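J.: Take a look at structure_26.txt, compact mmCIF, N, CA and C atoms:
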```txt
# COMPACT_ATOMS: atom_id res chain seq x y z
N MET Z 1 135.00 53.67 79.53
CA MET Z 1 135.24 54.45 78.33
C MET Z 1 134.14 54.22 77.29
N SER Z 2 133.44 53.13 77.38
CA SER Z 2 132.39 52.86 76.41
C SER Z 2 131.22 53.84 76.56
N THR Z 3 131.03 54.41 77.72
CA THR Z 3 129.97 55.39 77.92
C THR Z 3 130.29 56.67 77.15
N LEU Z 4 131.53 57.13 77.18
CA LEU Z 4 131.93 58.34 76.47
C LEU Z 4 131.98 58.12 74.96
N ALA Z 5 132.12 56.90 74.52
CA ALA Z 5 132.19 56.61 73.10
C ALA Z 5 130.87 56.93 72.39
N ALA Z 6 129.77 56.95 73.14
CA ALA Z 6 128.47 57.26 72.56
C ALA Z 6 128.30 58.77 72.31
N LEU Z 7 129.18 59.60 72.91
CA LEU Z 7 129.10 61.05 72.75
C LEU Z 7 130.03 61.53 71.66
N LYS Z 8 129.69 62.63 71.07
CA LYS Z 8 130.56 63.26 70.07
C LYS Z 8 131.46 64.26 70.79
N LEU Z 9 132.73 63.97 70.90
CA LEU Z 9 133.69 64.81 71.60
C LEU Z 9 134.33 65.80 70.64
N THR Z 10 134.70 66.97 71.16
CA THR Z 10 135.30 68.02 70.34
C THR Z 10 136.40 68.72 71.14
N ALA Z 11 137.29 69.41 70.44
CA ALA Z 11 138.40 70.10 71.08
C ALA Z 11 138.09 71.58 71.32
N THR Z 12 136.84 71.98 71.22
CA THR Z 12 136.44 73.38 71.36
C THR Z 12 136.53 73.80 72.82
N LYS Z 13 137.07 75.02 73.03
CA LYS Z 13 137.16 75.59 74.37
C LYS Z 13 136.23 76.80 74.45
N LYS Z 14 135.78 77.09 75.64
CA LYS Z 14 134.94 78.26 75.86
C LYS Z 14 135.82 79.50 75.78
N PRO Z 15 135.41 80.52 75.02
CA PRO Z 15 136.22 81.74 74.92
C PRO Z 15 136.22 82.51 76.24
N ASN Z 16 137.35 83.14 76.53
CA ASN Z 16 137.47 83.91 77.78
C ASN Z 16 136.71 85.23 77.71
N GLN Z 17 136.68 85.83 76.52
CA GLN Z 17 135.99 87.10 76.36
C GLN Z 17 135.05 87.01 75.17
N ILE Z 18 133.97 87.78 75.25
CA ILE Z 18 133.10 87.85 74.09
C ILE Z 18 133.62 88.99 73.21
N PRO Z 19 133.38 88.92 71.91
CA PRO Z 19 133.88 89.98 71.02
C PRO Z 19 133.32 91.35 71.40
N GLN Z 20 134.07 92.39 71.07
CA GLN Z 20 133.69 93.75 71.43
C GLN Z 20 132.37 94.16 70.79
N VAL Z 21 132.10 93.66 69.60
CA VAL Z 21 130.84 93.98 68.92
C VAL Z 21 129.66 93.46 69.74
N LEU Z 22 129.78 92.24 70.25
CA LEU Z 22 128.69 91.68 71.07
C LEU Z 22 128.57 92.41 72.40
N GLN Z 23 129.70 92.82 72.99
CA GLN Z 23 129.64 93.58 74.24
C GLN Z 23 128.87 94.88 74.03
N ARG Z 24 129.14 95.55 72.92
CA ARG Z 24 128.46 96.83 72.65
C ARG Z 24 126.98 96.61 72.36
N ARG Z 25 126.66 95.54 71.62
CA ARG Z 25 125.25 95.22 71.35
C ARG Z 25 124.51 94.95 72.66
N ASN Z 26 125.12 94.15 73.53
CA ASN Z 26 124.48 93.81 74.80
C ASN Z 26 124.29 95.04 75.67
N LYS Z 27 125.27 95.95 75.66
CA LYS Z 27 125.17 97.18 76.45
C LYS Z 27 123.99 98.02 75.96
N LEU Z 28 123.88 98.19 74.65
CA LEU Z 28 122.79 98.98 74.10
C LEU Z 28 121.44 98.29 74.30
N ALA Z 29 121.40 96.96 74.14
CA ALA Z 29 120.16 96.22 74.35
C ALA Z 29 119.68 96.36 75.79
N LYS Z 30 120.61 96.39 76.73
CA LYS Z 30 120.25 96.57 78.14
C LYS Z 30 119.66 97.95 78.38
N ARG Z 31 120.26 98.97 77.77
CA ARG Z 31 119.74 100.33 77.92
C ARG Z 31 118.36 100.47 77.27
N ILE Z 32 118.16 99.80 76.14
CA ILE Z 32 116.85 99.85 75.49
C ILE Z 32 115.81 99.15 76.35
N TRP Z 33 116.20 98.04 77.00
CA TRP Z 33 115.29 97.35 77.92
C TRP Z 33 114.87 98.30 79.03
N GLU Z 34 115.81 99.09 79.58
CA GLU Z 34 115.48 100.05 80.62
C GLU Z 34 114.48 101.09 80.11
N GLN Z 35 114.65 101.53 78.85
CA GLN Z 35 113.73 102.51 78.28
C GLN Z 35 112.34 101.90 78.08
N ILE Z 36 112.30 100.62 77.68
CA ILE Z 36 111.01 99.93 77.52
C ILE Z 36 110.28 99.87 78.86
N GLU Z 37 110.99 99.48 79.89
CA GLU Z 37 110.37 99.40 81.22
C GLU Z 37 109.94 100.77 81.72
N LEU Z 38 110.73 101.80 81.43
CA LEU Z 38 110.38 103.17 81.82
C LEU Z 38 109.12 103.62 81.09
N ALA Z 39 109.01 103.30 79.80
CA ALA Z 39 107.83 103.68 79.02
C ALA Z 39 106.58 102.93 79.52
N LYS Z 40 106.75 101.64 79.85
CA LYS Z 40 105.62 100.87 80.39
C LYS Z 40 105.14 101.47 81.71
N ALA Z 41 106.10 101.82 82.57
CA ALA Z 41 105.74 102.39 83.87
C ALA Z 41 105.07 103.74 83.70
N GLU Z 42 105.52 104.53 82.73
CA GLU Z 42 104.92 105.83 82.50
C GLU Z 42 103.49 105.69 81.99
N GLN Z 43 103.24 104.68 81.15
CA GLN Z 43 101.90 104.47 80.62
C GLN Z 43 100.93 104.03 81.70
N THR Z 44 101.41 103.23 82.66
CA THR Z 44 100.53 102.75 83.72
C THR Z 44 100.45 103.73 84.89
N GLY Z 45 101.28 104.77 84.87
CA GLY Z 45 101.26 105.75 85.94
C GLY Z 45 102.17 105.38 87.09
N GLY Z 46 102.97 104.36 86.94
CA GLY Z 46 103.88 103.95 87.99
C GLY Z 46 105.26 104.54 87.81
N GLN Z 47 106.20 104.00 88.57
CA GLN Z 47 107.58 104.44 88.48
C GLN Z 47 108.46 103.24 88.22
N PHE Z 48 109.56 103.46 87.53
CA PHE Z 48 110.53 102.40 87.27
C PHE Z 48 111.89 102.89 87.73
N ALA Z 49 112.56 102.09 88.51
CA ALA Z 49 113.89 102.44 88.99
C ALA Z 49 114.74 101.18 89.04
N VAL Z 50 115.95 101.31 88.58
CA VAL Z 50 116.91 100.22 88.64
C VAL Z 50 117.84 100.50 89.82
N SER Z 51 118.02 99.53 90.67
CA SER Z 51 118.90 99.74 91.81
C SER Z 51 120.29 99.21 91.49
N ARG Z 52 121.28 99.89 92.01
CA ARG Z 52 122.66 99.47 91.83
C ARG Z 52 123.41 99.72 93.12
N PHE Z 53 124.55 99.08 93.25
CA PHE Z 53 125.35 99.22 94.46
C PHE Z 53 126.50 100.18 94.22
N ARG Z 54 126.69 101.10 95.14
CA ARG Z 54 127.80 102.05 95.10
C ARG Z 54 128.67 101.76 96.31
N SER Z 55 129.98 101.77 96.11
CA SER Z 55 130.86 101.55 97.25
C SER Z 55 131.55 102.86 97.64
N TYR Z 56 131.77 102.98 98.90
CA TYR Z 56 132.45 104.16 99.42
C TYR Z 56 133.27 103.75 100.63
N THR Z 57 134.21 104.59 101.00
CA THR Z 57 135.04 104.34 102.17
C THR Z 57 134.49 105.13 103.34
N ASP Z 58 134.21 104.43 104.43
CA ASP Z 58 133.71 105.07 105.64
C ASP Z 58 134.86 105.87 106.26
N LYS Z 59 134.65 107.16 106.50
CA LYS Z 59 135.72 108.03 106.99
C LYS Z 59 136.11 107.71 108.43
N GLU Z 60 135.17 107.21 109.20
CA GLU Z 60 135.46 106.92 110.61
C GLU Z 60 136.25 105.63 110.77
N THR Z 61 135.82 104.57 110.08
CA THR Z 61 136.46 103.27 110.27
C THR Z 61 137.50 102.96 109.19
N GLY Z 62 137.40 103.60 108.04
CA GLY Z 62 138.33 103.32 106.96
C GLY Z 62 137.96 102.10 106.15
N LEU Z 63 136.80 101.49 106.43
CA LEU Z 63 136.37 100.29 105.71
C LEU Z 63 135.53 100.68 104.50
N ARG Z 64 135.61 99.85 103.47
CA ARG Z 64 134.79 100.07 102.28
C ARG Z 64 133.42 99.45 102.50
N LYS Z 65 132.39 100.20 102.18
CA LYS Z 65 131.02 99.73 102.36
C LYS Z 65 130.27 99.89 101.04
N GLN Z 66 129.20 99.11 100.90
CA GLN Z 66 128.36 99.22 99.72
C GLN Z 66 126.96 99.66 100.14
N VAL Z 67 126.41 100.56 99.34
CA VAL Z 67 125.08 101.07 99.60
C VAL Z 67 124.26 100.90 98.32
N GLU Z 68 123.02 100.46 98.47
CA GLU Z 68 122.14 100.30 97.32
C GLU Z 68 121.48 101.64 97.01
N THR Z 69 121.64 102.10 95.77
CA THR Z 69 121.05 103.37 95.35
C THR Z 69 120.20 103.16 94.10
N GLN Z 70 119.37 104.12 93.79
CA GLN Z 70 118.55 104.06 92.60
C GLN Z 70 119.29 104.72 91.44
N LYS Z 71 119.33 104.03 90.31
CA LYS Z 71 119.97 104.57 89.11
C LYS Z 71 118.99 105.51 88.43
N ARG Z 72 119.45 106.69 88.07
CA ARG Z 72 118.60 107.65 87.39
C ARG Z 72 118.55 107.31 85.91
N ILE Z 73 117.35 107.16 85.38
CA ILE Z 73 117.17 106.82 83.97
C ILE Z 73 116.42 107.98 83.32
N LYS Z 74 117.05 108.56 82.31
CA LYS Z 74 116.42 109.65 81.57
C LYS Z 74 115.73 109.08 80.34
N ALA Z 75 114.57 109.61 80.04
CA ALA Z 75 113.80 109.15 78.89
C ALA Z 75 114.48 109.60 77.60
N TRP Z 76 114.48 108.74 76.59
CA TRP Z 76 115.07 109.06 75.30
C TRP Z 76 114.07 109.70 74.36
N TRP Z 77 112.80 109.78 74.73
CA TRP Z 77 111.80 110.33 73.84
C TRP Z 77 111.50 111.78 74.22
N PHE Z 78 111.07 112.54 73.21
CA PHE Z 78 110.82 113.95 73.39
C PHE Z 78 109.83 114.40 72.33
N VAL Z 79 109.28 115.60 72.49
CA VAL Z 79 108.38 116.17 71.50
C VAL Z 79 109.24 116.97 70.53
N GLY Z 80 109.15 116.62 69.25
CA GLY Z 80 109.98 117.25 68.22
C GLY Z 80 109.45 118.59 67.78
N ASP Z 81 110.12 119.16 66.77
CA ASP Z 81 109.75 120.47 66.24
C ASP Z 81 108.35 120.47 65.64
N ASN Z 82 107.96 119.34 65.04
CA ASN Z 82 106.65 119.25 64.39
C ASN Z 82 105.52 118.92 65.37
N GLY Z 83 105.83 118.81 66.66
CA GLY Z 83 104.81 118.54 67.67
C GLY Z 83 104.54 117.07 67.89
N LYS Z 84 105.28 116.19 67.20
CA LYS Z 84 105.08 114.76 67.36
C LYS Z 84 106.16 114.18 68.26
N LEU Z 85 105.85 113.03 68.83
CA LEU Z 85 106.78 112.35 69.71
C LEU Z 85 107.92 111.74 68.90
N ALA Z 86 109.14 111.95 69.34
CA ALA Z 86 110.31 111.42 68.65
C ALA Z 86 111.16 110.64 69.66
N LEU Z 87 111.93 109.68 69.15
CA LEU Z 87 112.75 108.82 69.98
C LEU Z 87 114.17 108.80 69.42
N ALA Z 88 115.13 109.21 70.22
CA ALA Z 88 116.54 109.19 69.82
C ALA Z 88 117.24 108.08 70.60
N ILE Z 89 117.97 107.23 69.91
CA ILE Z 89 118.69 106.12 70.54
C ILE Z 89 120.06 106.61 70.93
N ARG Z 90 120.42 106.40 72.19
CA ARG Z 90 121.70 106.88 72.71
C ARG Z 90 122.63 105.72 73.03
N TYR Z 91 123.91 105.94 72.74
CA TYR Z 91 124.95 105.02 73.19
C TYR Z 91 125.89 105.88 74.02
N GLY Z 92 125.78 105.75 75.33
CA GLY Z 92 126.51 106.65 76.22
C GLY Z 92 125.86 108.02 76.12
N SER Z 93 126.67 109.03 75.86
CA SER Z 93 126.14 110.38 75.71
C SER Z 93 125.91 110.75 74.25
N LYS Z 94 126.23 109.86 73.33
CA LYS Z 94 126.09 110.13 71.90
C LYS Z 94 124.77 109.59 71.36
N VAL Z 95 124.16 110.36 70.48
CA VAL Z 95 122.94 109.93 69.80
C VAL Z 95 123.36 109.19 68.54
N LEU Z 96 122.79 108.00 68.33
CA LEU Z 96 123.14 107.19 67.17
C LEU Z 96 122.49 107.74 65.91
N GLU Z 97 123.24 107.70 64.82
CA GLU Z 97 122.71 108.08 63.51
C GLU Z 97 122.10 106.81 62.91
N LEU Z 98 120.78 106.76 62.85
CA LEU Z 98 120.08 105.55 62.40
C LEU Z 98 120.14 105.38 60.89
N ALA Z 99 120.14 106.46 60.17
CA ALA Z 99 120.30 106.48 58.71
C ALA Z 99 121.02 107.78 58.39
N LYS Z 100 121.42 107.96 57.16
CA LYS Z 100 122.17 109.14 56.77
C LYS Z 100 121.40 110.41 57.12
N GLY Z 101 121.88 111.16 58.11
CA GLY Z 101 121.25 112.41 58.52
C GLY Z 101 120.02 112.25 59.39
N LYS Z 102 119.66 111.01 59.79
CA LYS Z 102 118.47 110.76 60.61
C LYS Z 102 118.92 110.28 62.00
N PHE Z 103 118.54 111.04 63.01
CA PHE Z 103 118.98 110.73 64.37
C PHE Z 103 117.84 110.33 65.29
N ALA Z 104 116.61 110.34 64.83
CA ALA Z 104 115.47 110.02 65.68
C ALA Z 104 114.42 109.25 64.90
N VAL Z 105 113.55 108.58 65.64
CA VAL Z 105 112.43 107.85 65.07
C VAL Z 105 111.16 108.58 65.48
N GLU Z 106 110.31 108.88 64.51
CA GLU Z 106 109.05 109.54 64.83
C GLU Z 106 108.05 108.49 65.30
N VAL Z 107 107.49 108.72 66.47
CA VAL Z 107 106.51 107.81 67.06
C VAL Z 107 105.16 108.51 67.01
N GLY Z 108 104.16 107.82 66.49
CA GLY Z 108 102.85 108.43 66.33
C GLY Z 108 102.22 108.86 67.64
N ALA Z 109 102.20 107.97 68.62
CA ALA Z 109 101.58 108.27 69.91
C ALA Z 109 102.40 107.60 71.01
N ALA Z 110 102.16 108.03 72.22
CA ALA Z 110 102.89 107.47 73.35
C ALA Z 110 102.60 105.99 73.55
N THR Z 111 101.44 105.54 73.07
CA THR Z 111 101.10 104.12 73.21
C THR Z 111 101.95 103.24 72.29
N GLU Z 112 102.50 103.81 71.22
CA GLU Z 112 103.33 103.06 70.29
C GLU Z 112 104.80 103.04 70.68
N LEU Z 113 105.14 103.71 71.76
CA LEU Z 113 106.52 103.85 72.18
C LEU Z 113 107.16 102.51 72.53
N VAL Z 114 106.46 101.67 73.27
CA VAL Z 114 107.01 100.38 73.70
C VAL Z 114 107.26 99.48 72.49
N SER Z 115 106.31 99.43 71.57
CA SER Z 115 106.49 98.56 70.40
C SER Z 115 107.63 99.06 69.52
N THR Z 116 107.79 100.38 69.41
CA THR Z 116 108.90 100.94 68.64
C THR Z 116 110.23 100.59 69.28
N LEU Z 117 110.31 100.69 70.59
CA LEU Z 117 111.55 100.34 71.30
C LEU Z 117 111.87 98.86 71.15
N GLN Z 118 110.85 98.01 71.15
CA GLN Z 118 111.08 96.57 70.97
C GLN Z 118 111.60 96.27 69.57
N VAL Z 119 111.11 96.97 68.56
CA VAL Z 119 111.61 96.79 67.20
C VAL Z 119 113.08 97.21 67.12
N ILE Z 120 113.40 98.33 67.75
CA ILE Z 120 114.79 98.81 67.74
C ILE Z 120 115.69 97.84 68.49
N LYS Z 121 115.21 97.28 69.59
CA LYS Z 121 116.01 96.32 70.34
C LYS Z 121 116.29 95.08 69.51
N SER Z 122 115.31 94.59 68.77
CA SER Z 122 115.54 93.42 67.93
C SER Z 122 116.51 93.76 66.80
N ALA Z 123 116.48 94.98 66.29
CA ALA Z 123 117.44 95.40 65.26
C ALA Z 123 118.85 95.46 65.83
N VAL Z 124 118.99 95.92 67.06
CA VAL Z 124 120.31 95.97 67.70
C VAL Z 124 120.84 94.56 67.90
N GLU Z 125 119.98 93.65 68.39
CA GLU Z 125 120.42 92.28 68.62
C GLU Z 125 120.75 91.55 67.33
N ALA Z 126 120.13 91.96 66.22
CA ALA Z 126 120.42 91.36 64.92
C ALA Z 126 121.68 91.93 64.29
N GLY Z 127 122.20 93.02 64.85
CA GLY Z 127 123.44 93.60 64.35
C GLY Z 127 123.25 94.66 63.30
N GLU Z 128 122.05 95.18 63.14
CA GLU Z 128 121.78 96.17 62.11
C GLU Z 128 122.37 97.54 62.44
N LEU Z 129 122.62 97.82 63.69
CA LEU Z 129 123.15 99.12 64.09
C LEU Z 129 124.62 99.05 64.52
N ASP Z 130 125.32 97.99 64.15
CA ASP Z 130 126.72 97.82 64.57
C ASP Z 130 127.61 98.97 64.11
N ALA Z 131 127.43 99.44 62.88
CA ALA Z 131 128.27 100.53 62.36
C ALA Z 131 128.03 101.81 63.15
N ALA Z 132 126.78 102.11 63.46
CA ALA Z 132 126.46 103.33 64.22
C ALA Z 132 126.98 103.22 65.66
N ILE Z 133 126.87 102.04 66.25
CA ILE Z 133 127.37 101.83 67.61
C ILE Z 133 128.89 101.98 67.63
N ASP Z 134 129.56 101.40 66.63
CA ASP Z 134 131.02 101.48 66.55
C ASP Z 134 131.47 102.93 66.40
N PHE Z 135 130.79 103.69 65.54
CA PHE Z 135 131.13 105.10 65.35
C PHE Z 135 130.96 105.88 66.64
N ALA Z 136 129.84 105.67 67.33
CA ALA Z 136 129.58 106.39 68.59
C ALA Z 136 130.57 106.00 69.67
N ALA Z 137 130.92 104.70 69.74
CA ALA Z 137 131.86 104.25 70.76
C ALA Z 137 133.25 104.84 70.52
N ASN Z 138 133.67 104.88 69.25
CA ASN Z 138 134.98 105.46 68.94
C ASN Z 138 134.99 106.97 69.19
N LYS Z 139 133.87 107.63 68.93
CA LYS Z 139 133.76 109.07 69.19
C LYS Z 139 133.84 109.33 70.70
N LEU Z 140 133.17 108.49 71.49
CA LEU Z 140 133.25 108.63 72.95
C LEU Z 140 134.66 108.36 73.44
N ARG Z 141 135.29 107.33 72.91
CA ARG Z 141 136.63 106.96 73.33
C ARG Z 141 137.63 108.06 73.01
N SER Z 142 137.46 108.73 71.86
CA SER Z 142 138.41 109.80 71.48
C SER Z 142 138.32 110.98 72.44
N GLY Z 143 137.20 111.14 73.12
CA GLY Z 143 137.05 112.22 74.09
C GLY Z 143 137.86 112.01 75.34
N PHE Z 144 138.29 110.78 75.60
CA PHE Z 144 139.08 110.49 76.79
C PHE Z 144 140.58 110.57 76.53
N ALA Z 145 140.97 110.72 75.27
CA ALA Z 145 142.40 110.78 74.94
C ALA Z 145 142.97 112.12 75.39
N LYS Z 146 144.25 112.09 75.72
CA LYS Z 146 144.92 113.32 76.18
C LYS Z 146 145.48 114.09 75.03
```
Could you spell out this file's structure in structure tokens?
T.:
Amino acid sequence: MSTLAALKLTATKKPNQIPQVLQRRNKLAKRIWEQIELAKAEQTGGQFAVSRFRSYTDKETGLRKQVETQKRIKAWWFVGDNGKLALAIRYGSKVLELAKGKFAVEVGAATELVSTLQVIKSAVEAGELDAAIDFAANKLRSGFAK
């Protein structure tokens, strides 16, 4: 027991679930990471694909099988009305309102796209977009109600 006496013991337990705010932040941060990788691949002329597993039931044997497929990632950036590159942040199918009446970030050139996405990702991880994420998540959720 003298060995444990040198340690500072506490009654803290590991939580079973992370808070919903952190789950939503992590989900959006993951999607932004995918956009960063897609932008990097586009700049270098390569391709970026995330693989995921899909399960299905084999009709002949009746067994469930898993197949690795490529996840389709759509770019969030587009050419706006003024002819400049713009970036809209999406949570699910909803576009986030970044400021009052502002739904996109104007990017000067395609080379600045990765750095802009990294700034937005750090803002998401810092919790600056929690209100917009919450609004979009509740709007998406209301679409599933009967």
J.: Just the number, please: distance in Å from atom N of Lys27 (chain Z) to atom C of Ala104 (chain Z), one decimal.
T.: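 Separation of atom N of Lys27 (chain Z) and atom C of Ala104 (chain Z): 20.3 Å.
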J.: Could you tell me how far CA of Ile120 (chain Z) lies from atom N of Thr69 (chain Z), in Å and to one decimal?
T.: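 Between CA of Ile120 (chain Z) and atom N of Thr69 (chain Z) the gap is 29.0 Å.
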J.: What is the distance between CA of Val114 (chain Z) and atom N of Glu37 (chain Z), in Å to one decimal?
T.: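 These atoms are spaced 7.4 Å apart.
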J.: Find the residues around Ala75 (chain Z) up to 8 Å (all atoms listed in the file counted), leave out those fewer than 2 positions away in its own chain, and share them as an MDAnalysis selection string.
T.: chainID Z and resid 35 38:39 72:73 77:78 87:88
J.: Just asking: which residues within chain Z are alpha helix (DSSP H) according to DSSP, as a VMD selection string?
T.: chain Z and resid 2 to 5 20 to 44 113 to 126 130 to 142
J.: Skipping near chain neighbours, those fewer than 5 positions away, what residues fall within 7 Å of Ala136 (chain Z) using all atoms listed in the file, listed as a VMD selection string?
T.: chain Z and resid 91 94 to 96 131 141
J.: Nearest residue to Val124 (chain Z) out of Z:Ile89, Z:Leu9, Z:Gln20, Z:Arg25, using only C-alpha atoms?
T.: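 Ranked by minimum distance to Val124 (chain Z), first place goes to Z:Arg25.
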J.: Run DSSP on the backbone and grab whatever in region 33-129 of chain Z lands in strand (DSSP E or B); send it over as a PyMOL selection string.
T.: chain Z and resi 50-57+64-71+77-79+85-87+90-91+94-95+99+102+105-107
J.: Find the smallest box with edges along x, y and z containing every listed atom of region 51-58 of chain Z, then add 3 Å on each side and report centre and edge lengths in Å to one decimal, as JSON.
T.:
```
{"center_x": 126.5, "center_y": 102.5, "center_z": 98.5, "size_x": 23.0, "size_y": 12.8, "size_z": 21.6}
```
J.: Using only C-alpha atoms, determine which residues lie at most 7 Å from region 46-53 of chain Z, disregarding the query and same-chain residues fewer than 4 positions distant; provide the list as JSON, numbers by chain.
T.: {"Z": [37, 38, 41, 42, 66, 67, 68, 69, 70, 71]}
J.: Can you patch up region 29-37 of chain Z, filling it in to all heavy atoms, and show the result as a PDB file, in the coordinates of the input?
T.:
```
ATOM      1  N   ALA Z  29     121.400  96.960  74.140  1.00  0.00           N
ATOM      2  CA  ALA Z  29     120.160  96.220  74.350  1.00  0.00           C
ATOM      3  C   ALA Z  29     119.680  96.360  75.790  1.00  0.00           C
ATOM      4  O   ALA Z  29     118.472  96.481  76.058  1.00  0.00           O
ATOM      5  CB  ALA Z  29     120.342  94.757  73.990  1.00  0.00           C
ATOM      6  N   LYS Z  30     120.610  96.390  76.730  1.00  0.00           N
ATOM      7  CA  LYS Z  30     120.250  96.570  78.140  1.00  0.00           C
ATOM      8  C   LYS Z  30     119.660  97.950  78.380  1.00  0.00           C
ATOM      9  O   LYS Z  30     118.665  98.097  79.090  1.00  0.00           O
ATOM     10  CB  LYS Z  30     121.492  96.373  79.018  1.00  0.00           C
ATOM     11  CG  LYS Z  30     121.242  96.524  80.490  1.00  0.00           C
ATOM     12  CD  LYS Z  30     122.517  96.314  81.277  1.00  0.00           C
ATOM     13  CE  LYS Z  30     122.311  96.612  82.742  1.00  0.00           C
ATOM     14  NZ  LYS Z  30     123.561  96.543  83.501  1.00  0.00           N
ATOM     15  N   ARG Z  31     120.260  98.970  77.770  1.00  0.00           N
ATOM     16  CA  ARG Z  31     119.740 100.330  77.920  1.00  0.00           C
ATOM     17  C   ARG Z  31     118.360 100.470  77.270  1.00  0.00           C
ATOM     18  O   ARG Z  31     117.502 101.177  77.782  1.00  0.00           O
ATOM     19  CB  ARG Z  31     120.703 101.345  77.312  1.00  0.00           C
ATOM     20  CG  ARG Z  31     122.078 101.377  77.922  1.00  0.00           C
ATOM     21  CD  ARG Z  31     122.068 101.851  79.361  1.00  0.00           C
ATOM     22  NE  ARG Z  31     123.399 101.910  79.917  1.00  0.00           N
ATOM     23  CZ  ARG Z  31     123.913 101.000  80.739  1.00  0.00           C
ATOM     24  NH1 ARG Z  31     123.187  99.975  81.107  1.00  0.00           N
ATOM     25  NH2 ARG Z  31     125.131 101.122  81.205  1.00  0.00           N
ATOM     26  N   ILE Z  32     118.160  99.800  76.140  1.00  0.00           N
ATOM     27  CA  ILE Z  32     116.850  99.850  75.490  1.00  0.00           C
ATOM     28  C   ILE Z  32     115.810  99.150  76.350  1.00  0.00           C
ATOM     29  O   ILE Z  32     114.673  99.603  76.461  1.00  0.00           O
ATOM     30  CB  ILE Z  32     116.926  99.263  74.065  1.00  0.00           C
ATOM     31  CG1 ILE Z  32     117.786 100.167  73.180  1.00  0.00           C
ATOM     32  CG2 ILE Z  32     115.534  99.111  73.462  1.00  0.00           C
ATOM     33  CD1 ILE Z  32     118.061  99.600  71.807  1.00  0.00           C
ATOM     34  N   TRP Z  33     116.200  98.040  77.000  1.00  0.00           N
ATOM     35  CA  TRP Z  33     115.290  97.350  77.920  1.00  0.00           C
ATOM     36  C   TRP Z  33     114.870  98.300  79.030  1.00  0.00           C
ATOM     37  O   TRP Z  33     113.682  98.349  79.411  1.00  0.00           O
ATOM     38  CB  TRP Z  33     115.948  96.114  78.499  1.00  0.00           C
ATOM     39  CG  TRP Z  33     115.125  95.476  79.566  1.00  0.00           C
ATOM     40  CD1 TRP Z  33     114.069  94.633  79.402  1.00  0.00           C
ATOM     41  CD2 TRP Z  33     115.257  95.667  80.988  1.00  0.00           C
ATOM     42  NE1 TRP Z  33     113.545  94.283  80.621  1.00  0.00           N
ATOM     43  CE2 TRP Z  33     114.262  94.902  81.608  1.00  0.00           C
ATOM     44  CE3 TRP Z  33     116.128  96.407  81.768  1.00  0.00           C
ATOM     45  CZ2 TRP Z  33     114.114  94.863  82.988  1.00  0.00           C
ATOM     46  CZ3 TRP Z  33     115.972  96.366  83.143  1.00  0.00           C
ATOM     47  CH2 TRP Z  33     114.973  95.599  83.737  1.00  0.00           C
ATOM     48  N   GLU Z  34     115.810  99.090  79.580  1.00  0.00           N
ATOM     49  CA  GLU Z  34     115.480 100.050  80.620  1.00  0.00           C
ATOM     50  C   GLU Z  34     114.480 101.090  80.110  1.00  0.00           C
ATOM     51  O   GLU Z  34     113.544 101.464  80.818  1.00  0.00           O
ATOM     52  CB  GLU Z  34     116.741 100.764  81.117  1.00  0.00           C
ATOM     53  CG  GLU Z  34     117.669  99.878  81.906  1.00  0.00           C
ATOM     54  CD  GLU Z  34     118.976 100.563  82.275  1.00  0.00           C
ATOM     55  OE1 GLU Z  34     119.236 101.701  81.789  1.00  0.00           O
ATOM     56  OE2 GLU Z  34     119.745  99.970  83.036  1.00  0.00           O
ATOM     57  N   GLN Z  35     114.650 101.530  78.850  1.00  0.00           N
ATOM     58  CA  GLN Z  35     113.730 102.510  78.280  1.00  0.00           C
ATOM     59  C   GLN Z  35     112.340 101.900  78.080  1.00  0.00           C
ATOM     60  O   GLN Z  35     111.331 102.577  78.287  1.00  0.00           O
ATOM     61  CB  GLN Z  35     114.276 103.032  76.944  1.00  0.00           C
ATOM     62  CG  GLN Z  35     115.510 103.886  77.091  1.00  0.00           C
ATOM     63  CD  GLN Z  35     115.258 105.169  77.856  1.00  0.00           C
ATOM     64  OE1 GLN Z  35     114.268 105.861  77.620  1.00  0.00           O
ATOM     65  NE2 GLN Z  35     116.137 105.482  78.784  1.00  0.00           N
ATOM     66  N   ILE Z  36     112.300 100.620  77.680  1.00  0.00           N
ATOM     67  CA  ILE Z  36     111.010  99.930  77.520  1.00  0.00           C
ATOM     68  C   ILE Z  36     110.280  99.870  78.860  1.00  0.00           C
ATOM     69  O   ILE Z  36     109.089 100.176  78.947  1.00  0.00           O
ATOM     70  CB  ILE Z  36     111.212  98.510  76.938  1.00  0.00           C
ATOM     71  CG1 ILE Z  36     111.671  98.586  75.481  1.00  0.00           C
ATOM     72  CG2 ILE Z  36     109.943  97.682  77.045  1.00  0.00           C
ATOM     73  CD1 ILE Z  36     112.110  97.262  74.901  1.00  0.00           C
ATOM     74  N   GLU Z  37     110.990  99.480  79.890  1.00  0.00           N
ATOM     75  CA  GLU Z  37     110.370  99.400  81.220  1.00  0.00           C
ATOM     76  C   GLU Z  37     109.940 100.770  81.720  1.00  0.00           C
ATOM     77  O   GLU Z  37     108.902 100.913  82.355  1.00  0.00           O
ATOM     78  CB  GLU Z  37     111.333  98.734  82.213  1.00  0.00           C
ATOM     79  CG  GLU Z  37     111.637  97.290  81.895  1.00  0.00           C
ATOM     80  CD  GLU Z  37     110.390  96.410  81.855  1.00  0.00           C
ATOM     81  OE1 GLU Z  37     109.536  96.542  82.763  1.00  0.00           O
ATOM     82  OE2 GLU Z  37     110.267  95.610  80.916  1.00  0.00           O
TER      83      GLU Z  37
END
```
